[in-house]
Amino acid sequence: MAKNRVLIIGATSAIAQAVARIYAERQASLYLLARNGDRLQRVRQDLEARFRVSVNQATLDFGNLSAFAKSITNAVNTMGGLDIAILAHGSLPDQQAATADPDLVTRALHDNFTTHAHFTLYLAHYFRKQKRGTIAVISSVSGERGRKKNYVYGTAKAAMTTWLEGLRAELRSSGVHVLTIKPGFVDTPMTAHLPKGPLFASPETVARGIVRAIDKKRDTVYLPWFWRPIMAVIRAIPEPIFKRLNI
């Protein structure tokens with residue numbers, strides 16, 4: 001069986017690193033893309049030392065949308081093709097600061113939706129011609145209701161979920177798999193400022209769920225699994241009640 005060629009965008013995030021370790025253990029070819037070159041190099045060196053695999057890396061200014069197509073082309077050329085692309089980048093804005101500053105809202109939408117939309121369009125074009133491939137994108141359960149505590153972030157994730165649903169329908173007959181990943185709370189540096197509770201999952205738990213969903217060609221996966229019934233209840237709460245909840 002041929003080794004998978006895997007592109008991980010946002011490869012320095014905790015979840016992305018855990019996913020990369022799973023694929024490195026499988027001896028997949030990896031191409032890691034991230035903003036911070038020093039952190040990215042440490043991730044690559046760790047993978048190579050642990051699993052004795054060759055890992056490629058490149059940095060990218062995520063503010064420069066015009067560079068995205070070339071970054072994908074470089075990954076394809078370096079690995080001699082591409083089978084799986086995983087988008088794991090993003091940011092968690094401070095809700096109060098963002099609603100007081102429209103520029104922060106714009107940045108949050110850019111980090112958590114616009115960049116993903118651009119990447120997935122380029123990846124869809126490549127995979128459509130190839131007639132196979134997987135695009136897996138981390139969205140969030142936060143996109144399912146407009147919670148007053150994080151609706152800036154939630155709006156971007158809701159847009160991402162809707163975008164992927166449409167893209168999945170468009171690519172249905174082309175052999176391309178599009179996966180929407182909806183984690184709940186994950187214990188990562190991005191959530192370090194939040195008080196931890198029993199609903200928090202480890203990056204490793206989420207990573208195993210992501211790889212399993214890719215293997216099984218799922219459309220949407222909630223991670224961990226219990227977020228599916230939790231969100232079903234939250235979606236069912238009538239608006240007059242929901243807007244009074246302090247969540």
# chains A, B, ... in the order shown; residues from 1 in each chain; ligands from 1
>>> residues_around(residues="Leu223 of chain A", least_positions_apart="6", cutoff="10 Å", atoms="only C-alpha atoms", output="list in words")
Ser140, Val141, Ile181, Lys182, Pro183, Gly184, Phe185, Val186, Ala201, Thr205, Val206, Ala207, Arg208, Gly209 and Ile210 of chain A
>>> write_last_selection(atoms="N, CA, C and O atoms", output="compact mmCIF listing (two decimals), in the first residue's frame")
# COMPACT_ATOMS: atom_id res chain seq x y z
N SER A 140 -15.59 23.97 14.59
CA SER A 140 -15.80 23.94 16.03
C SER A 140 -17.27 23.82 16.35
O SER A 140 -18.13 24.28 15.58
N VAL A 141 -17.57 23.24 17.50
CA VAL A 141 -18.96 23.24 17.98
C VAL A 141 -19.42 24.67 18.27
O VAL A 141 -20.63 24.94 18.34
N ILE A 181 -14.48 18.92 10.92
CA ILE A 181 -14.09 18.47 12.26
C ILE A 181 -14.61 19.47 13.27
O ILE A 181 -14.31 20.66 13.19
N LYS A 182 -15.41 18.99 14.23
CA LYS A 182 -16.01 19.88 15.23
C LYS A 182 -15.57 19.48 16.63
O LYS A 182 -16.28 18.74 17.33
N PRO A 183 -14.42 19.98 17.08
CA PRO A 183 -14.03 19.71 18.46
C PRO A 183 -14.83 20.59 19.42
O PRO A 183 -15.33 21.66 19.06
N GLY A 184 -14.89 20.10 20.66
CA GLY A 184 -15.37 20.95 21.74
C GLY A 184 -14.17 21.59 22.40
O GLY A 184 -13.25 22.04 21.73
N PHE A 185 -14.16 21.63 23.73
CA PHE A 185 -13.02 22.21 24.45
C PHE A 185 -11.82 21.27 24.36
O PHE A 185 -11.93 20.08 24.62
N VAL A 186 -10.67 21.84 23.99
CA VAL A 186 -9.44 21.06 23.89
C VAL A 186 -8.37 21.76 24.72
O VAL A 186 -8.22 22.98 24.65
N ALA A 201 -10.88 17.89 26.34
CA ALA A 201 -10.19 16.72 25.80
C ALA A 201 -8.73 17.05 25.53
O ALA A 201 -8.37 18.21 25.37
N THR A 205 -6.39 12.88 21.99
CA THR A 205 -7.71 12.27 21.81
C THR A 205 -8.38 12.81 20.56
O THR A 205 -8.94 12.05 19.76
N VAL A 206 -8.31 14.12 20.38
CA VAL A 206 -8.91 14.74 19.20
C VAL A 206 -8.19 14.28 17.93
O VAL A 206 -8.82 13.98 16.91
N ALA A 207 -6.88 14.19 17.98
CA ALA A 207 -6.10 13.78 16.81
C ALA A 207 -6.47 12.36 16.37
O ALA A 207 -6.62 12.09 15.16
N ARG A 208 -6.62 11.46 17.32
CA ARG A 208 -7.01 10.09 16.97
C ARG A 208 -8.39 10.08 16.29
O ARG A 208 -8.61 9.34 15.32
N GLY A 209 -9.30 10.92 16.78
CA GLY A 209 -10.62 11.02 16.16
C GLY A 209 -10.56 11.58 14.76
O GLY A 209 -11.30 11.14 13.87
N ILE A 210 -9.68 12.54 14.54
CA ILE A 210 -9.52 13.13 13.20
C ILE A 210 -9.03 12.09 12.21
O ILE A 210 -9.59 11.91 11.12
>>> residues_around(residues="segment 119-131 of chain A", least_positions_apart="4", cutoff="8 Å", atoms="only C-alpha atoms", output="VMD selection string")
chain A and resid 68 to 69 72 85 115 135 171 174 to 176
>>> select_by_dssp(residues="segment 131-167 of chain A", states="strand (DSSP E or B)", output="list of chain:residue names")
A:Gly133, A:Thr134, A:Ile135, A:Ala136, A:Val137, A:Ile138
>>> residues_around(residues="segment 38-53 of chain A", least_positions_apart="3", cutoff="8 Å", atoms="only C-alpha atoms", output="ChimeraX atom specification")
/A:11-12,17,20-21,24-25,27,29,32-35,56-57,59
>>> select_by_dssp(residues="segment 101-239 of chain A", states="alpha helix (DSSP H)", output="NGL selection string")
:A and (102-109 or 115-130 or 151-170 or 203-215 or 227-236 or 239)
>>> closest_residue(among="A:Ser139, A:Thr134, A:Gln95, A:Thr106", to="His177 of chain A", atoms="only C-alpha atoms")
A:Thr134
>>> residues_around(residues="Glu144 of chain A", least_positions_apart="2", cutoff="9 Å", atoms="only C-alpha atoms", output="ChimeraX atom specification")
/A:140-142,146-147,154-155,157-158,161,231,234-235
>>> write_last_selection(atoms="N, CA and C atoms", output="compact mmCIF listing (two decimals), in the first residue's frame")
# COMPACT_ATOMS: atom_id res chain seq x y z
N SER A 140 -15.59 23.97 14.59
CA SER A 140 -15.80 23.94 16.03
C SER A 140 -17.27 23.82 16.35
N VAL A 141 -17.57 23.24 17.50
CA VAL A 141 -18.96 23.24 17.98
C VAL A 141 -19.42 24.67 18.27
N SER A 142 -18.48 25.59 18.42
CA SER A 142 -18.83 26.99 18.69
C SER A 142 -19.63 27.62 17.56
N GLY A 146 -25.08 31.08 18.40
CA GLY A 146 -24.42 32.35 18.67
C GLY A 146 -24.38 32.64 20.16
N ARG A 147 -23.38 32.11 20.84
CA ARG A 147 -23.23 32.32 22.27
C ARG A 147 -22.64 33.69 22.55
N GLY A 154 -17.33 32.10 17.04
CA GLY A 154 -18.38 31.20 16.58
C GLY A 154 -18.89 31.54 15.20
N THR A 155 -18.97 32.83 14.88
CA THR A 155 -19.42 33.24 13.55
C THR A 155 -18.47 32.74 12.47
N LYS A 157 -16.50 30.16 12.65
CA LYS A 157 -16.61 28.71 12.56
C LYS A 157 -17.92 28.28 11.91
N ALA A 158 -18.99 29.03 12.15
CA ALA A 158 -20.26 28.74 11.48
C ALA A 158 -20.11 28.91 9.97
N THR A 161 -18.15 25.92 8.65
CA THR A 161 -18.97 24.72 8.57
C THR A 161 -19.89 24.76 7.35
N MET A 231 -24.60 19.18 21.62
CA MET A 231 -24.98 20.24 20.69
C MET A 231 -26.40 20.07 20.17
N ILE A 234 -28.35 21.80 22.79
CA ILE A 234 -28.15 23.26 22.73
C ILE A 234 -28.87 23.86 21.53
N ARG A 235 -28.83 23.17 20.39
CA ARG A 235 -29.52 23.68 19.20
C ARG A 235 -31.04 23.70 19.40
>>> residues_around(residues="Ile84 of chain A", least_positions_apart="2", cutoff="8 Å", atoms="only C-alpha atoms", output="number ranges by chain")
A: 4-7, 82, 86, 133-136
>>> closest_residue(among="A:Ile241, A:Leu164, A:Ile8, A:Ile15", to="Val55 of chain A", atoms="only C-alpha atoms")
A:Ile8
>>> atom_distance(atom1="atom CA of Thr188 of chain A", atom2="atom CA of Ala14 of chain A")
6.0 Å
>>> residues_around(residues="Val233 of chain A", least_positions_apart="4", cutoff="12 Å", atoms="only C-alpha atoms", output="PyMOL selection string")
chain A and resi 144-145+226-229+237-238+242
>>> write_last_selection(atoms="all heavy atoms", output="short mmCIF file (atom, residue, chain, number, x, y, z; two decimals), in the first residue's frame")
data_model
loop_
_atom_site.label_atom_id
_atom_site.label_comp_id
_atom_site.auth_asym_id
_atom_site.auth_seq_id
_atom_site.Cartn_x
_atom_site.Cartn_y
_atom_site.Cartn_z
N GLU A 144 -22.25 26.43 16.16
CA GLU A 144 -23.62 25.92 16.06
C GLU A 144 -24.67 26.81 16.71
O GLU A 144 -25.85 26.71 16.38
CB GLU A 144 -23.68 24.50 16.64
CG GLU A 144 -22.73 23.56 15.90
CD GLU A 144 -23.19 22.12 15.93
OE1 GLU A 144 -24.24 21.82 16.49
OE2 GLU A 144 -22.46 21.28 15.36
N ARG A 145 -24.28 27.68 17.64
CA ARG A 145 -25.19 28.68 18.20
C ARG A 145 -24.38 29.95 18.46
O ARG A 145 -23.18 29.90 18.74
CB ARG A 145 -25.82 28.22 19.53
CG ARG A 145 -26.85 27.13 19.48
CD ARG A 145 -28.12 27.44 18.72
NE ARG A 145 -28.95 28.52 19.18
CZ ARG A 145 -30.09 28.39 19.87
NH1 ARG A 145 -30.49 27.20 20.27
NH2 ARG A 145 -30.83 29.44 20.17
N PHE A 226 -19.13 12.85 22.51
CA PHE A 226 -20.27 13.31 23.33
C PHE A 226 -20.74 14.72 22.98
O PHE A 226 -21.81 15.15 23.43
CB PHE A 226 -19.95 13.20 24.83
CG PHE A 226 -18.68 13.90 25.27
CD1 PHE A 226 -18.60 15.29 25.35
CD2 PHE A 226 -17.57 13.14 25.63
CE1 PHE A 226 -17.43 15.91 25.77
CE2 PHE A 226 -16.40 13.77 26.05
CZ PHE A 226 -16.33 15.15 26.12
N TRP A 227 -19.95 15.44 22.18
CA TRP A 227 -20.39 16.77 21.78
C TRP A 227 -21.56 16.73 20.80
O TRP A 227 -22.30 17.70 20.68
CB TRP A 227 -19.23 17.57 21.19
CG TRP A 227 -18.35 18.11 22.27
CD1 TRP A 227 -17.15 17.60 22.68
CD2 TRP A 227 -18.62 19.23 23.12
NE1 TRP A 227 -16.65 18.33 23.72
CE2 TRP A 227 -17.53 19.35 24.01
CE3 TRP A 227 -19.66 20.13 23.20
CZ2 TRP A 227 -17.47 20.34 24.98
CZ3 TRP A 227 -19.60 21.14 24.16
CH2 TRP A 227 -18.52 21.23 25.04
N ARG A 228 -21.74 15.62 20.12
CA ARG A 228 -22.89 15.53 19.21
C ARG A 228 -24.22 15.62 19.98
O ARG A 228 -25.07 16.46 19.64
CB ARG A 228 -22.82 14.25 18.37
CG ARG A 228 -23.95 14.14 17.34
CD ARG A 228 -23.84 12.84 16.55
NE ARG A 228 -22.70 12.84 15.66
CZ ARG A 228 -22.69 13.35 14.44
NH1 ARG A 228 -23.79 13.93 13.95
NH2 ARG A 228 -21.62 13.29 13.68
N PRO A 229 -24.45 14.79 21.01
CA PRO A 229 -25.71 14.95 21.76
C PRO A 229 -25.78 16.26 22.54
O PRO A 229 -26.86 16.84 22.69
CB PRO A 229 -25.73 13.74 22.69
CG PRO A 229 -24.32 13.26 22.77
CD PRO A 229 -23.72 13.57 21.45
N ILE A 237 -32.66 24.45 22.15
CA ILE A 237 -33.13 25.44 23.12
C ILE A 237 -33.77 26.62 22.38
O ILE A 237 -33.14 27.23 21.51
CB ILE A 237 -31.96 25.95 23.99
CG1 ILE A 237 -31.35 24.79 24.78
CG2 ILE A 237 -32.44 27.05 24.94
CD1 ILE A 237 -30.07 25.17 25.53
N PRO A 238 -35.00 26.97 22.70
CA PRO A 238 -35.65 28.10 22.02
C PRO A 238 -34.89 29.41 22.23
O PRO A 238 -34.30 29.63 23.31
CB PRO A 238 -37.03 28.16 22.67
CG PRO A 238 -37.25 26.79 23.23
CD PRO A 238 -35.89 26.30 23.65
N PHE A 242 -32.54 30.72 25.21
CA PHE A 242 -31.12 30.67 24.93
C PHE A 242 -30.43 32.01 25.19
O PHE A 242 -29.32 32.07 25.74
CB PHE A 242 -30.87 30.22 23.48
CG PHE A 242 -29.42 30.04 23.14
CD1 PHE A 242 -28.75 28.87 23.51
CD2 PHE A 242 -28.71 31.01 22.45
CE1 PHE A 242 -27.41 28.70 23.20
CE2 PHE A 242 -27.38 30.83 22.14
CZ PHE A 242 -26.73 29.67 22.51
#
